[in-house]
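Data block for query_27.txt (compact mmCIF, C-alpha atoms):
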# COMPACT_ATOMS: atom_id res chain seq x y z
CA MET Y 565 29.47 -24.07 5.89
CA ALA Y 566 26.16 -23.69 7.67
CA GLY Y 567 24.33 -21.16 9.81
CA GLN Y 568 25.61 -18.00 8.15
CA ILE Y 569 22.20 -16.91 6.86
CA LYS Y 570 20.58 -16.86 10.29
CA SER Y 571 23.55 -15.00 11.72
CA LEU Y 572 23.56 -12.40 8.92
CA ILE Y 573 19.80 -11.82 9.17
CA ASP Y 574 20.03 -11.24 12.91
CA THR Y 575 23.04 -8.95 12.59
CA TYR Y 576 21.40 -6.96 9.78
CA VAL Y 577 18.13 -6.52 11.70
CA THR Y 578 19.90 -5.61 14.97
CA GLN Y 579 22.08 -2.99 13.32
CA MET Y 580 19.40 -1.58 10.99
CA SER Y 581 16.79 -1.31 13.76
CA LYS Y 582 19.25 0.20 16.25
CA GLY Y 583 17.50 -1.73 19.01
CA ASN Y 584 13.98 -0.52 18.18
CA GLN Y 585 11.76 -3.62 18.52
CA VAL Y 586 8.93 -2.21 16.37
CA VAL Y 587 11.38 -1.47 13.56
CA ALA Y 588 12.99 -4.90 14.00
CA LYS Y 589 9.61 -6.58 13.49
CA SER Y 590 9.03 -4.54 10.31
CA LEU Y 591 12.47 -5.54 9.05
CA TYR Y 592 11.80 -9.25 9.60
CA ILE Y 593 8.50 -8.80 7.72
CA ARG Y 594 10.20 -6.97 4.85
CA LEU Y 595 12.73 -9.76 4.54
CA ALA Y 596 9.99 -12.41 4.61
CA LEU Y 597 7.98 -10.60 1.94
CA SER Y 598 11.07 -10.69 -0.27
CA GLY Y 599 11.48 -14.43 0.33
CA ILE Y 600 13.98 -14.46 3.21
CA VAL Y 601 11.92 -15.93 6.05
CA HIS Y 602 14.18 -15.85 9.09
CA SER Y 603 12.25 -18.56 10.97
CA LYS Y 604 13.27 -21.02 8.23
CA TYR Y 605 16.94 -20.63 9.08
CA THR Y 606 18.85 -22.21 11.98
CA ASN Y 607 22.49 -22.57 12.92
CA ASP Y 608 22.47 -25.81 10.89
CA THR Y 609 20.93 -24.45 7.68
CA ASN Y 610 23.22 -24.83 4.69
CA ASP Y 611 24.51 -21.54 3.34
CA ASP Y 612 22.75 -20.61 0.12
CA PRO Y 613 25.07 -18.22 -1.76
CA ILE Y 614 22.13 -16.46 -3.47
CA ILE Y 615 20.53 -15.58 -0.14
CA LEU Y 616 23.90 -14.58 1.31
CA ASP Y 617 24.52 -12.24 -1.63
CA ARG Y 618 21.11 -10.65 -1.18
CA LEU Y 619 21.78 -10.03 2.50
CA TYR Y 620 25.20 -8.51 1.80
CA ALA Y 621 23.60 -6.25 -0.83
CA LEU Y 622 20.96 -5.08 1.64
CA ALA Y 623 23.60 -4.39 4.27
CA LYS Y 624 25.68 -2.42 1.79
CA LYS Y 625 22.72 -0.16 0.96
CA ALA Y 626 22.36 0.62 4.67
CA ASN Y 627 26.11 1.05 5.27
CA ILE Y 628 26.05 -1.95 7.59
CA LYS Y 629 29.07 -4.22 7.90
CA LEU Y 630 28.09 -7.87 8.26
CA MET O 1202 -8.85 26.25 14.19
CA THR O 1203 -9.27 23.41 11.71
CA ASN O 1204 -6.03 22.31 10.13
CA ILE O 1205 -7.38 19.50 7.98
CA ILE O 1206 -10.46 19.59 5.78
CA THR O 1207 -12.05 17.06 3.40
CA SER O 1208 -14.29 17.55 0.42
CA PHE O 1209 -15.75 15.73 -2.56
CA SER O 1210 -17.64 16.46 -5.72
CA SER O 1211 -19.57 14.30 -8.14
CA LYS O 1212 -20.16 17.11 -10.63
CA ARG O 1213 -19.89 15.81 -14.18
CA THR O 1214 -17.18 18.10 -15.51
CA HIS O 1215 -13.77 18.54 -13.94
CA GLU O 1216 -14.28 22.32 -14.01
CA GLU O 1217 -17.46 22.13 -11.94
CA ALA O 1218 -16.09 19.46 -9.64
CA VAL O 1219 -12.85 21.28 -8.85
CA THR O 1220 -14.71 24.56 -8.34
CA GLU O 1221 -16.89 22.84 -5.74
CA ILE O 1222 -13.86 21.33 -3.98
CA GLU O 1223 -11.96 24.64 -4.17
CA ALA O 1224 -14.78 26.44 -2.37
CA GLN O 1225 -14.68 23.99 0.53
CA LEU O 1226 -10.93 23.45 0.93
CA SER O 1227 -10.10 27.14 0.59
CA LEU O 1228 -11.65 27.68 4.01
CA ILE O 1229 -8.30 26.67 5.53
CA LYS O 1230 -5.90 27.97 2.83
CA PRO O 1231 -4.27 24.55 2.36
CA ASN O 1232 -0.55 24.09 1.96
CA LEU O 1233 -0.96 20.53 0.72
CA VAL O 1234 -3.91 19.06 -1.20
CA ILE O 1235 -4.17 15.32 -1.79
CA PHE O 1236 -6.89 14.21 -4.17
CA PHE O 1237 -8.16 10.99 -5.66
CA ALA O 1238 -10.28 11.04 -8.80
CA SER O 1239 -12.21 8.68 -10.99
CA SER O 1240 -10.70 7.98 -14.41
CA PHE O 1241 -14.01 9.38 -15.68
CA TYR O 1242 -12.35 12.83 -15.62
CA LYS O 1243 -9.70 13.76 -18.19
CA PRO O 1244 -6.50 13.37 -16.15
CA ASP O 1245 -4.39 16.11 -17.76
CA SER O 1246 -7.15 18.71 -17.52
CA LEU O 1247 -8.02 17.69 -13.97
CA ALA O 1248 -4.42 17.85 -12.72
CA LEU O 1249 -3.99 21.32 -14.23
CA ARG O 1250 -7.29 22.63 -12.89
CA MET O 1251 -6.53 21.36 -9.38
CA GLN O 1252 -3.19 23.18 -9.36
CA GLN O 1253 -4.89 26.36 -10.67
CA ALA O 1254 -7.43 26.08 -7.86
CA PHE O 1255 -4.68 25.85 -5.22
CA PRO O 1256 -1.75 27.79 -6.73
CA SER O 1257 0.16 28.16 -3.48
CA ALA O 1258 -0.27 24.53 -2.45
CA THR O 1259 1.35 21.28 -3.50
CA THR O 1260 -1.28 19.13 -5.18
CA LEU O 1261 -0.89 15.39 -5.62
CA GLY O 1262 -2.98 12.27 -6.04
CA CYS O 1263 -4.01 9.57 -8.46
CA THR O 1264 -6.86 7.98 -10.38
CA THR O 1265 -9.03 5.42 -8.66
CA SER O 1266 -11.49 2.59 -8.89
CA GLY O 1267 -14.00 4.30 -6.59
CA GLU O 1268 -13.64 6.98 -3.94
CA ILE O 1269 -14.38 7.50 -0.24
CA CYS O 1270 -15.11 10.80 1.50
CA ASN O 1271 -16.27 10.80 5.12
CA ASN O 1272 -19.37 8.57 5.15
CA ASN O 1273 -19.76 8.59 1.36
CA VAL O 1274 -18.61 5.58 -0.66
CA LEU O 1275 -18.53 7.03 -4.14
CA ALA O 1276 -17.99 6.34 -7.83
CA GLN O 1277 -17.07 8.73 -10.65
CA SER O 1278 -16.19 11.53 -8.25
CA ILE O 1279 -13.22 13.49 -6.90
CA VAL O 1280 -12.30 13.46 -3.21
CA ALA O 1281 -9.74 15.76 -1.61
CA ILE O 1282 -8.10 16.56 1.69
CA GLY O 1283 -6.34 19.81 2.50
CA PHE O 1284 -3.70 20.38 5.18
CA THR O 1285 -2.56 23.70 6.57
CA LYS O 1286 1.14 24.48 6.81
CA GLU O 1287 0.91 23.94 10.55
CA ALA O 1288 -0.38 20.39 10.04
CA ILE O 1289 1.92 19.39 7.19
CA GLY O 1290 4.49 21.98 6.25
CA ASP O 1291 7.69 20.01 5.89
CA TYR O 1292 7.59 17.52 3.04
CA HIS O 1293 9.37 16.59 -0.16
CA VAL O 1294 7.61 15.04 -3.16
CA ARG O 1295 9.33 13.23 -6.01
CA ILE O 1296 8.04 11.38 -9.05
CA ASN O 1297 9.73 8.25 -10.39
CA GLU O 1298 8.76 8.42 -14.05
CA HIS O 1299 8.87 5.42 -16.40
CA MET O 1300 8.75 3.08 -13.42
CA SER O 1301 8.34 -0.01 -15.61
CA THR O 1302 11.90 0.39 -16.79
CA ALA O 1303 13.53 2.94 -14.45
CA ASN O 1304 14.01 2.73 -10.70
CA ASN O 1305 15.20 6.09 -9.35
CA ILE O 1306 14.64 5.33 -5.67
CA ASP O 1307 18.32 5.81 -4.75
CA ALA O 1308 18.35 9.31 -6.29
CA ILE O 1309 15.03 10.17 -4.67
CA PHE O 1310 16.35 9.21 -1.26
CA GLU O 1311 19.48 11.28 -1.85
CA SER O 1312 17.18 14.23 -2.48
CA TYR O 1313 15.39 13.50 0.82
CA HIS O 1314 18.77 13.58 2.56
CA GLU O 1315 19.52 17.00 1.05
CA ASN O 1316 16.04 18.39 1.68
CA PHE O 1317 15.77 17.36 5.34
CA ASP O 1318 19.51 17.56 6.05
CA GLU O 1319 19.32 14.11 7.59
CA SER O 1320 20.01 10.67 6.17
CA PRO O 1321 16.80 8.66 5.66
CA LEU O 1322 18.66 5.83 7.39
CA ASP O 1323 18.82 7.91 10.57
CA MET O 1324 15.32 9.42 10.45
CA ASN O 1325 13.05 8.66 13.40
CA PRO O 1326 9.95 6.68 12.26
CA LYS O 1327 7.93 8.48 14.93
CA LYS O 1328 8.67 11.86 13.36
CA TYR O 1329 8.45 11.07 9.65
CA PHE O 1330 6.14 9.10 7.39
CA GLY O 1331 6.16 8.40 3.69
CA LEU O 1332 3.28 8.37 1.22
CA VAL O 1333 3.54 6.27 -1.93
CA LEU O 1334 1.20 6.13 -4.94
CA PHE O 1335 1.97 3.56 -7.62
CA ASP O 1336 0.92 3.24 -11.23
CA GLY O 1337 -1.73 0.54 -11.38
CA LEU O 1338 -0.39 -1.57 -14.20
CA SER O 1339 3.37 -1.69 -13.65
CA ASN O 1340 3.58 -4.81 -11.44
CA LYS O 1341 6.57 -3.15 -9.77
CA GLU O 1342 5.15 -2.39 -6.33
CA GLU O 1343 7.03 -5.17 -4.52
CA SER O 1344 10.44 -4.26 -5.88
CA PHE O 1345 9.91 -0.57 -5.12
CA MET O 1346 8.68 -1.22 -1.57
CA SER O 1347 11.60 -3.56 -0.95
CA HIS O 1348 14.02 -0.93 -2.26
CA ILE O 1349 12.48 1.76 -0.06
CA GLY O 1350 12.72 -0.52 2.97
CA ALA O 1351 16.41 -1.06 2.34
CA LEU O 1352 17.09 2.69 2.56
CA THR O 1353 15.08 3.74 5.59
CA ASN O 1354 13.10 2.61 8.61
CA ILE O 1355 10.45 5.24 7.88
CA ASN O 1356 7.07 3.66 7.14
CA PHE O 1357 5.70 4.34 3.67
CA ILE O 1358 1.96 3.88 3.30
CA GLY O 1359 -0.22 4.22 0.24
CA GLY O 1360 -1.83 2.44 -2.62
CA THR O 1361 -1.87 1.58 -6.28
CA ALA O 1362 -3.85 3.81 -8.62
CA GLY O 1363 -6.94 2.47 -10.39
CA ASP O 1364 -8.92 3.19 -13.53
CA ASP O 1365 -12.42 2.11 -12.58
CA GLN O 1366 -11.58 -1.53 -13.27
CA LYS O 1367 -10.77 -1.00 -16.93
CA PHE O 1368 -7.09 -1.99 -16.39
CA ILE O 1369 -5.95 0.16 -19.31
CA GLN O 1370 -4.34 3.33 -17.91
CA THR O 1371 -3.83 4.81 -14.46
CA HIS O 1372 -2.48 8.26 -13.64
CA ILE O 1373 -0.47 9.86 -10.85
CA PHE O 1374 -0.98 13.60 -10.27
CA HIS O 1375 1.56 16.13 -9.05
CA ASN O 1376 1.52 19.91 -9.24
CA GLY O 1377 -0.60 20.25 -12.35
CA LYS O 1378 0.66 17.28 -14.31
CA ALA O 1379 -0.74 13.78 -14.83
CA TYR O 1380 1.82 11.00 -15.18
CA LEU O 1381 1.49 7.53 -16.70
CA ASP O 1382 3.78 4.70 -15.57
CA ALA O 1383 4.93 6.60 -12.49
CA THR O 1384 5.35 6.35 -8.73
CA LEU O 1385 4.92 9.31 -6.40
CA LEU O 1386 6.87 9.33 -3.17
CA MET O 1387 6.34 11.97 -0.50
CA LEU O 1388 8.49 12.03 2.63
CA CYS O 1389 6.88 14.09 5.31
CA LYS O 1390 7.72 15.49 8.75
CA PRO O 1391 4.28 16.60 9.92
CA GLY O 1392 3.40 18.98 12.71
CA ILE O 1393 0.64 16.68 13.93
CA PRO O 1394 0.69 13.16 15.38
CA PHE O 1395 0.21 10.31 12.91
CA ASP O 1396 -0.05 6.53 12.92
CA PHE O 1397 -1.10 3.66 10.69
CA ILE O 1398 -3.85 1.06 10.54
CA LYS O 1399 -3.62 -2.10 8.46
CA THR O 1400 -6.78 -4.18 8.47
CA GLN O 1401 -7.93 -7.21 6.53
CA SER O 1402 -10.85 -9.49 7.26
CA PHE O 1403 -9.94 -13.16 7.03
CA ASP O 1404 -9.74 -16.31 9.04
CA ILE O 1405 -6.45 -18.10 8.49
CA LEU O 1406 -7.25 -21.72 7.63
CA GLU O 1407 -5.02 -24.72 8.22
CA GLN O 1408 -4.70 -25.64 4.55
CA SER O 1409 -1.77 -24.19 2.64
CA LEU O 1410 -0.22 -23.98 -0.81
CA THR O 1411 3.51 -23.94 -1.47
CA CYS O 1412 4.47 -22.24 -4.69
CA THR O 1413 6.76 -24.55 -6.66
CA LYS O 1414 6.90 -22.78 -10.03
CA VAL O 1415 6.24 -19.14 -10.81
CA ASP O 1416 6.70 -16.51 -13.51
CA PRO O 1417 7.43 -13.43 -11.34
CA SER O 1418 7.39 -11.02 -14.29
CA THR O 1419 3.66 -11.61 -14.78
CA ARG O 1420 2.81 -12.59 -11.17
CA THR O 1421 1.68 -15.95 -12.52
CA VAL O 1422 1.87 -19.14 -10.49
CA ILE O 1423 2.41 -22.14 -12.71
CA GLU O 1424 2.53 -24.77 -9.95
CA PHE O 1425 1.44 -25.08 -6.34
CA ASN O 1426 2.53 -28.19 -4.42
CA ASN O 1427 4.17 -29.50 -7.63
CA LYS O 1428 0.78 -29.64 -9.37
CA PRO O 1429 -0.73 -27.30 -11.97
CA ALA O 1430 -1.71 -24.24 -9.94
CA SER O 1431 -5.44 -24.19 -10.66
CA ILE O 1432 -5.80 -27.92 -9.96
CA ALA O 1433 -3.96 -27.66 -6.62
CA TYR O 1434 -6.01 -24.59 -5.57
CA ALA O 1435 -9.31 -26.23 -6.59
CA ASP O 1436 -8.38 -29.47 -4.81
CA LEU O 1437 -7.65 -27.51 -1.63
CA LEU O 1438 -11.06 -25.86 -1.76
CA GLY O 1439 -12.81 -29.04 -2.84
CA VAL O 1440 -14.35 -27.36 -5.88
CA GLN O 1441 -14.26 -28.04 -9.61
CA VAL O 1442 -11.54 -26.20 -11.52
CA HIS O 1443 -14.00 -24.49 -13.85
CA ARG O 1444 -15.72 -22.95 -10.78
CA LEU O 1445 -12.48 -21.97 -8.99
CA ALA O 1446 -12.46 -18.28 -10.01
CA ASP O 1447 -15.86 -17.83 -8.33
CA TYR O 1448 -14.14 -18.50 -4.99
CA PHE O 1449 -11.12 -16.21 -5.38
CA ILE O 1450 -12.45 -13.17 -3.47
CA LYS O 1451 -13.77 -15.24 -0.58
CA TYR O 1452 -10.77 -17.61 -0.42
CA PRO O 1453 -7.51 -15.83 -1.31
CA ILE O 1454 -4.17 -16.91 0.15
CA GLY O 1455 -1.80 -15.10 2.48
CA MET O 1456 1.66 -15.04 3.97
CA VAL O 1457 1.72 -15.05 7.74
CA THR O 1458 4.89 -13.66 9.23
CA GLU O 1459 5.63 -12.06 12.62
CA ASP O 1460 1.94 -12.57 13.50
CA GLU O 1461 0.94 -10.35 10.58
CA LEU O 1462 -1.11 -11.43 7.56
CA PHE O 1463 -0.29 -10.25 4.05
CA VAL O 1464 -3.06 -11.17 1.62
CA ARG O 1465 -2.29 -12.29 -1.93
CA SER O 1466 -5.35 -12.30 -4.17
CA PRO O 1467 -5.75 -14.42 -7.30
CA LEU O 1468 -6.84 -12.48 -10.37
CA THR O 1469 -7.49 -14.86 -13.26
CA ILE O 1470 -6.87 -18.39 -14.49
CA THR O 1471 -4.96 -18.85 -17.72
CA GLY O 1472 -4.77 -22.46 -18.82
CA THR O 1473 -3.84 -24.19 -15.57
CA SER O 1474 -1.85 -21.22 -14.23
CA ILE O 1475 -3.16 -18.51 -11.89
CA LYS O 1476 -2.26 -14.85 -12.20
CA PHE O 1477 -2.21 -12.91 -8.90
CA HIS O 1478 -2.51 -9.25 -7.90
CA CYS O 1479 0.78 -9.67 -5.95
CA ASN O 1480 4.03 -11.51 -6.53
CA ILE O 1481 3.98 -15.07 -5.25
CA LEU O 1482 7.39 -16.36 -4.27
CA GLU O 1483 8.77 -19.77 -5.11
CA ASN O 1484 9.32 -22.16 -2.16
CA ILE O 1485 7.18 -20.03 0.13
CA THR O 1486 4.09 -21.48 1.79
CA TYR O 1487 0.85 -19.50 1.77
CA GLN O 1488 -2.14 -20.19 4.02
CA LEU O 1489 -5.62 -20.49 2.61
CA LEU O 1490 -7.86 -17.67 3.91
CA LYS O 1491 -11.60 -17.33 4.34
CA SER O 1492 -13.18 -13.87 4.29
CA LYS O 1493 -15.23 -12.52 7.16
CA SER O 1494 -16.95 -9.23 7.92
CA VAL O 1495 -15.09 -6.20 6.54
CA ILE O 1496 -17.40 -3.92 8.53
CA ALA O 1497 -16.82 -5.60 11.91
CA ASP O 1498 -13.06 -5.88 11.49
CA THR O 1499 -12.63 -2.30 10.27
CA LYS O 1500 -14.61 -1.00 13.24
CA ILE O 1501 -12.46 -3.05 15.63
CA ALA O 1502 -9.21 -1.92 13.98
CA ILE O 1503 -10.15 1.76 14.28
CA ALA O 1504 -11.44 1.39 17.84
CA GLU O 1505 -8.28 -0.44 18.96
CA LYS O 1506 -6.03 2.17 17.37
CA SER O 1507 -8.03 4.98 18.98
CA MET O 1508 -7.36 3.43 22.39
CA THR O 1509 -3.59 3.87 21.97
CA PHE O 1510 -3.43 6.85 19.61
CA GLY O 1511 -6.18 9.02 21.04
CA HIS O 1512 -8.51 11.21 19.04
CA ILE O 1513 -8.27 10.66 15.28
CA SER O 1514 -8.80 13.97 13.49
CA ALA O 1515 -8.52 12.68 9.90
CA MET O 1516 -7.76 9.61 7.81
CA ILE O 1517 -6.56 8.66 4.36
CA ASN O 1518 -7.89 5.20 3.51
CA PHE O 1519 -6.26 3.04 0.83
CA ASN O 1520 -8.95 0.40 0.46
CA CYS O 1521 -8.65 -2.56 -1.90
CA ARG O 1522 -11.23 -2.56 -4.68
CA LEU O 1523 -11.89 -6.25 -3.92
CA ARG O 1524 -13.08 -5.29 -0.43
CA THR O 1525 -15.54 -2.94 -2.09
CA VAL O 1526 -16.70 -5.78 -4.36
CA GLU O 1527 -17.36 -7.83 -1.22
CA LEU O 1528 -19.23 -4.91 0.36
CA ILE O 1529 -21.36 -4.52 -2.77
CA ASN O 1530 -22.04 -8.27 -2.86
CA SER O 1531 -23.16 -8.20 0.77
CA ASN O 1532 -25.15 -4.98 0.31
CA SER O 1533 -23.00 -3.31 3.00
CA LEU O 1534 -21.55 -0.31 1.21
CA GLU O 1535 -23.52 2.24 3.24
CA ASP O 1536 -22.62 0.46 6.49
CA TYR O 1537 -18.95 0.76 5.53
CA GLY O 1538 -19.33 4.49 4.91
CA ARG O 1539 -20.98 4.97 8.29
CA ILE O 1540 -17.77 3.76 10.00
CA PHE O 1541 -16.15 7.03 8.93
CA GLU O 1542 -19.03 9.45 9.43
CA ASN O 1543 -17.48 11.13 12.47
CA ILE O 1544 -13.92 11.21 11.17
CA PRO O 1545 -12.91 13.44 8.23
CA THR O 1546 -11.73 10.81 5.76
CA ILE O 1547 -10.78 10.49 2.15
CA GLY O 1548 -9.68 7.38 0.35
CA PHE O 1549 -9.97 5.36 -2.78
CA ASN O 1550 -10.46 1.84 -4.02
CA THR O 1551 -7.00 0.68 -4.96
CA TYR O 1552 -5.40 -1.92 -7.18
CA GLY O 1553 -3.07 -2.78 -4.27
CA GLU O 1554 -2.17 -1.46 -0.85
CA ALA O 1555 1.21 -0.46 0.55
CA PHE O 1556 2.50 -0.66 4.10
CA ILE O 1557 5.84 -2.33 4.85
CA GLY O 1558 5.18 -4.28 1.64
CA HIS O 1559 2.61 -4.60 -1.12
CA MET O 1560 -0.62 -6.52 -0.45
CA ASN O 1561 -4.22 -7.12 -1.54
CA GLN O 1562 -7.72 -7.20 -0.01
CA THR O 1563 -6.50 -4.93 2.77
CA SER O 1564 -7.14 -1.42 3.94
CA THR O 1565 -4.06 0.59 4.88
CA ILE O 1566 -5.02 3.79 6.64
CA LEU O 1567 -2.92 6.83 7.50
CA ILE O 1568 -4.39 8.51 10.56
CA PHE O 1569 -3.77 11.97 11.97
CA GLY O 1570 -4.26 13.52 15.39
CA SER O 1571 -4.62 17.18 16.27
CA ILE O 1572 -2.12 19.97 16.87
Write the structure described by the file as structure tokens, please.
Amino acid sequence: MAGQIKSLIDTYVTQMSKGNQVVAKSLYIRLALSGIVHSKYTNDTNDDPIILDRLYALAKKANIKL
Amino acid sequence: MTNIITSFSSKRTHEEAVTEIEAQLSLIKPNLVIFFASSFYKPDSLALRMQQAFPSATTLGCTTSGEICNNNVLAQSIVAIGFTKEAIGDYHVRINEHMSTANNIDAIFESYHENFDESPLDMNPKKYFGLVLFDGLSNKEESFMSHIGALTNINFIGGTAGDDQKFIQTHIFHNGKAYLDATLLMLCKPGIPFDFIKTQSFDILEQSLTCTKVDPSTRTVIEFNNKPASIAYADLLGVQVHRLADYFIKYPIGMVTEDELFVRSPLTITGTSIKFHCNILENITYQLLKSKSVIADTKIAIAEKSMTFGHISAMINFNCRLRTVELINSNSLEDYGRIFENIPTIGFNTYGEAFIGHMNQTSTILIFGSI
């Protein structure tokens, strides 16, 4: 499959930031600083299971369902 | 009435120095005292004496690699800031001991939930801020900041403790004790407005390095662009490898994301590998940077923030020690101090700066308004 990473990043940031654009920007930065650079991912990017696992783990810590 | 007061002392014994600071800060009967001290002073004795000086206050801080108080850029001194209960009355401080091997961030955030009766996930970043002080030799700042960011949207700002560039031992202080290998985290709901400044002074150049092999445990890059790291870096700068380290402070690298720059500074060359002050991530591209005026950019950053924030009544400045090296090299240390002469300020020269993540050659500043 492809495109899951971009979708999960966007869902995580939207839910974590609760619509606050300043917080959303900080969240994208935090992800990038940990190696998940959202601009690198498109709907066609192959799903990397390691990145997917990291995103699910982040969501779990924040009680977010992806 | 003044709710925030700063002080410093360069007296040679911790007894004399703390007595001098006590006399000045006691004017406002502080509820919280934050202090930064040279490793010149004996940490255990200093921590105890500071708590004895302010028995009804929380005292916290760390050792440094140089200190800042108002317009004074100092060495081998102690700087302190005191807050009244009205300014900062609602806060919770926790120490993560043995941070090299133990990460207690989850438990610490549970304690925040209990203390403030609100989940850190739901806290409003406009009402709360966090302060973080890291041990200077743990190399764990990135993982801790990432963990904190996963549990809250509150901004944590701070720095990494120093030891006057000996790189042997750094200490974190809290309520009369000095801790090795520790992180201090304070979550705070202040009674005064606050905001943050992050400033670094670099042009972002077109050239870049992609990390292709790294040892994250030691922050060592083995390869950039599939070449030995030092050879790739030297080629990019057009300098000989044996001269490369001379260019590190002026030409570090940085990650640019969301229009923000996060500087990563090289430390030393070992063989053909390069050890950094920050983690460098594999398969991530870093831009080459060129330093410019710290003085001019800091002035602009403070002026721009003042336009939106209003009057700044006090600051805590976490300023990278490498910026101070640049200021010394350019004979600009006094000019840097003058930037803060009208704003009560304390700060210290750090081994790393924290805001959203961990970074180098940056100044992260916590600013306060008035009641």
Could you list, with a cut-off of 8 Å and counting all atoms listed in the file, the residues of chain Y near chain O, each shown with its nearest atom pair and the distance in Å rounded to one decimal, rows sorted by chain and ascending number, as CSV?
residue,atom,partner,partner_atom,distance
Y:Met580,CA,O:Asn1354,CA,7.9
Y:Ser581,CA,O:Asn1354,CA,7.5
Y:Val587,CA,O:Asn1354,CA,6.6
Y:Lys589,CA,O:Glu1459,CA,6.8
Y:Ser590,CA,O:Ile1557,CA,6.7
Y:Leu591,CA,O:Gly1350,CA,7.9
Y:Tyr592,CA,O:Glu1459,CA,7.4
Y:Ile593,CA,O:Thr1458,CA,6.2
Y:Arg594,CA,O:Ile1557,CA,6.4
Y:Ala596,CA,O:Thr1458,CA,7.0
Y:Leu597,CA,O:Gly1558,CA,6.9
Y:Ser598,CA,O:Ser1347,CA,7.2
Y:Gly599,CA,O:Leu1482,CA,6.5
Y:Leu622,CA,O:Ala1351,CA,6.1
Y:Lys625,CA,O:Leu1352,CA,6.5
Y:Ala626,CA,O:Leu1352,CA,6.0
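The coordinates place atom CA of Arg1420 of chain O at 28.8 Å from atom CA of Leu1388 of chain O.
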Extract, using all atoms listed in the file, all DNA, RNA and protein residues at most 10 Å from Gly1472 of chain O, discarding same-chain residues fewer than 3 positions from it, and format them as a JSON list (two decimals) with C-alpha atoms, in the frame of the given file.
[["chain", "number", "residue", "atom", "x", "y", "z"],
["O", 1423, "ILE", "CA", 2.41, -22.14, -12.71],
["O", 1429, "PRO", "CA", -0.73, -27.30, -11.97],
["O", 1430, "ALA", "CA", -1.71, -24.24, -9.94],
["O", 1431, "SER", "CA", -5.44, -24.19, -10.66],
["O", 1469, "THR", "CA", -7.49, -14.86, -13.26],
["O", 1475, "ILE", "CA", -3.16, -18.51, -11.89]]
### For atom CA of Tyr1292 of chain O and atom CA of Ile1269 of chain O, the interatomic separation in Å (one decimal)
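For atom CA of Tyr1292 of chain O relative to atom CA of Ile1269 of chain O, the distance reads 24.4 Å.
The spacing separating atom CA of His602 of chain Y from atom CA of Asp617 of chain Y amounts to 15.3 Å.
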### Query
Can you tell me, as a list in words, what residues are no more than 12 Å from Tyr620 of chain Y when counting only C-alpha atoms, ignoring any on the same chain fewer than 6 positions away?
Gln568, Ile569, Ser571, Leu572, Ile573, Thr575, Tyr576, Pro613, Ile614, Ala626, Asn627, Ile628, Lys629 and Leu630 of chain Y; Ala1351 of chain O
*Extract, using only C-alpha atoms, all DNA, RNA and protein residues at most 9 Å from Glu1268 of chain O, discarding same-chain residues fewer than 4 positions from it, and format them as an MDAnalysis selection string.*
chainID O and resid 1237:1239 1273:1280 1547:1550
Check: Which protein, DNA or RNA residues are at most 9 Å from (-9.1, -4.4, 12.4) in the file's coordinates when you count only C-alpha atoms, listed as a ChimeraX atom specification?
Finding: /O:1398-1402,1495,1497-1506
May I have the selected residues written with C-alpha atoms, as a short mmCIF file (atom, residue, chain, number, x, y, z; two decimals), in the frame of the given file?
data_model
loop_
_atom_site.label_atom_id
_atom_site.label_comp_id
_atom_site.auth_asym_id
_atom_site.auth_seq_id
_atom_site.Cartn_x
_atom_site.Cartn_y
_atom_site.Cartn_z
CA ILE O 1398 -3.85 1.06 10.54
CA LYS O 1399 -3.62 -2.10 8.46
CA THR O 1400 -6.78 -4.18 8.47
CA GLN O 1401 -7.93 -7.21 6.53
CA SER O 1402 -10.85 -9.49 7.26
CA VAL O 1495 -15.09 -6.20 6.54
CA ALA O 1497 -16.82 -5.60 11.91
CA ASP O 1498 -13.06 -5.88 11.49
CA THR O 1499 -12.63 -2.30 10.27
CA LYS O 1500 -14.61 -1.00 13.24
CA ILE O 1501 -12.46 -3.05 15.63
CA ALA O 1502 -9.21 -1.92 13.98
CA ILE O 1503 -10.15 1.76 14.28
CA ALA O 1504 -11.44 1.39 17.84
CA GLU O 1505 -8.28 -0.44 18.96
CA LYS O 1506 -6.03 2.17 17.37
#
>> With 9 Å as the threshold, what does the neighbourhood of (17.4, -3.7, 20.1) contain in terms of residues, counting all atoms listed in the file? Coordinates are those of the file; answer as a ChimeraX atom specification.
In response: /Y:577-579,581-585,588
Take the residues just selected and output them with C-alpha atoms as an mmCIF file, in the frame of the given file.
data_model
loop_
_atom_site.group_PDB
_atom_site.id
_atom_site.type_symbol
_atom_site.label_atom_id
_atom_site.label_comp_id
_atom_site.auth_asym_id
_atom_site.auth_seq_id
_atom_site.Cartn_x
_atom_site.Cartn_y
_atom_site.Cartn_z
ATOM 1 C CA VAL Y 577 18.130 -6.520 11.700
ATOM 2 C CA THR Y 578 19.900 -5.610 14.970
ATOM 3 C CA GLN Y 579 22.080 -2.990 13.320
ATOM 4 C CA SER Y 581 16.790 -1.310 13.760
ATOM 5 C CA LYS Y 582 19.250 0.200 16.250
ATOM 6 C CA GLY Y 583 17.500 -1.730 19.010
ATOM 7 C CA ASN Y 584 13.980 -0.520 18.180
ATOM 8 C CA GLN Y 585 11.760 -3.620 18.520
ATOM 9 C CA ALA Y 588 12.990 -4.900 14.000
#
Worksheet item: Excluding same-chain residues fewer than 6 positions from Asp1396 of chain O, what lies within 10 Å of it counting all atoms listed in the file, as an NGL selection string?
Response: :O and (1327 or 1330 or 1356 or 1506 or 1510 or 1513 or 1516 or 1566-1570)
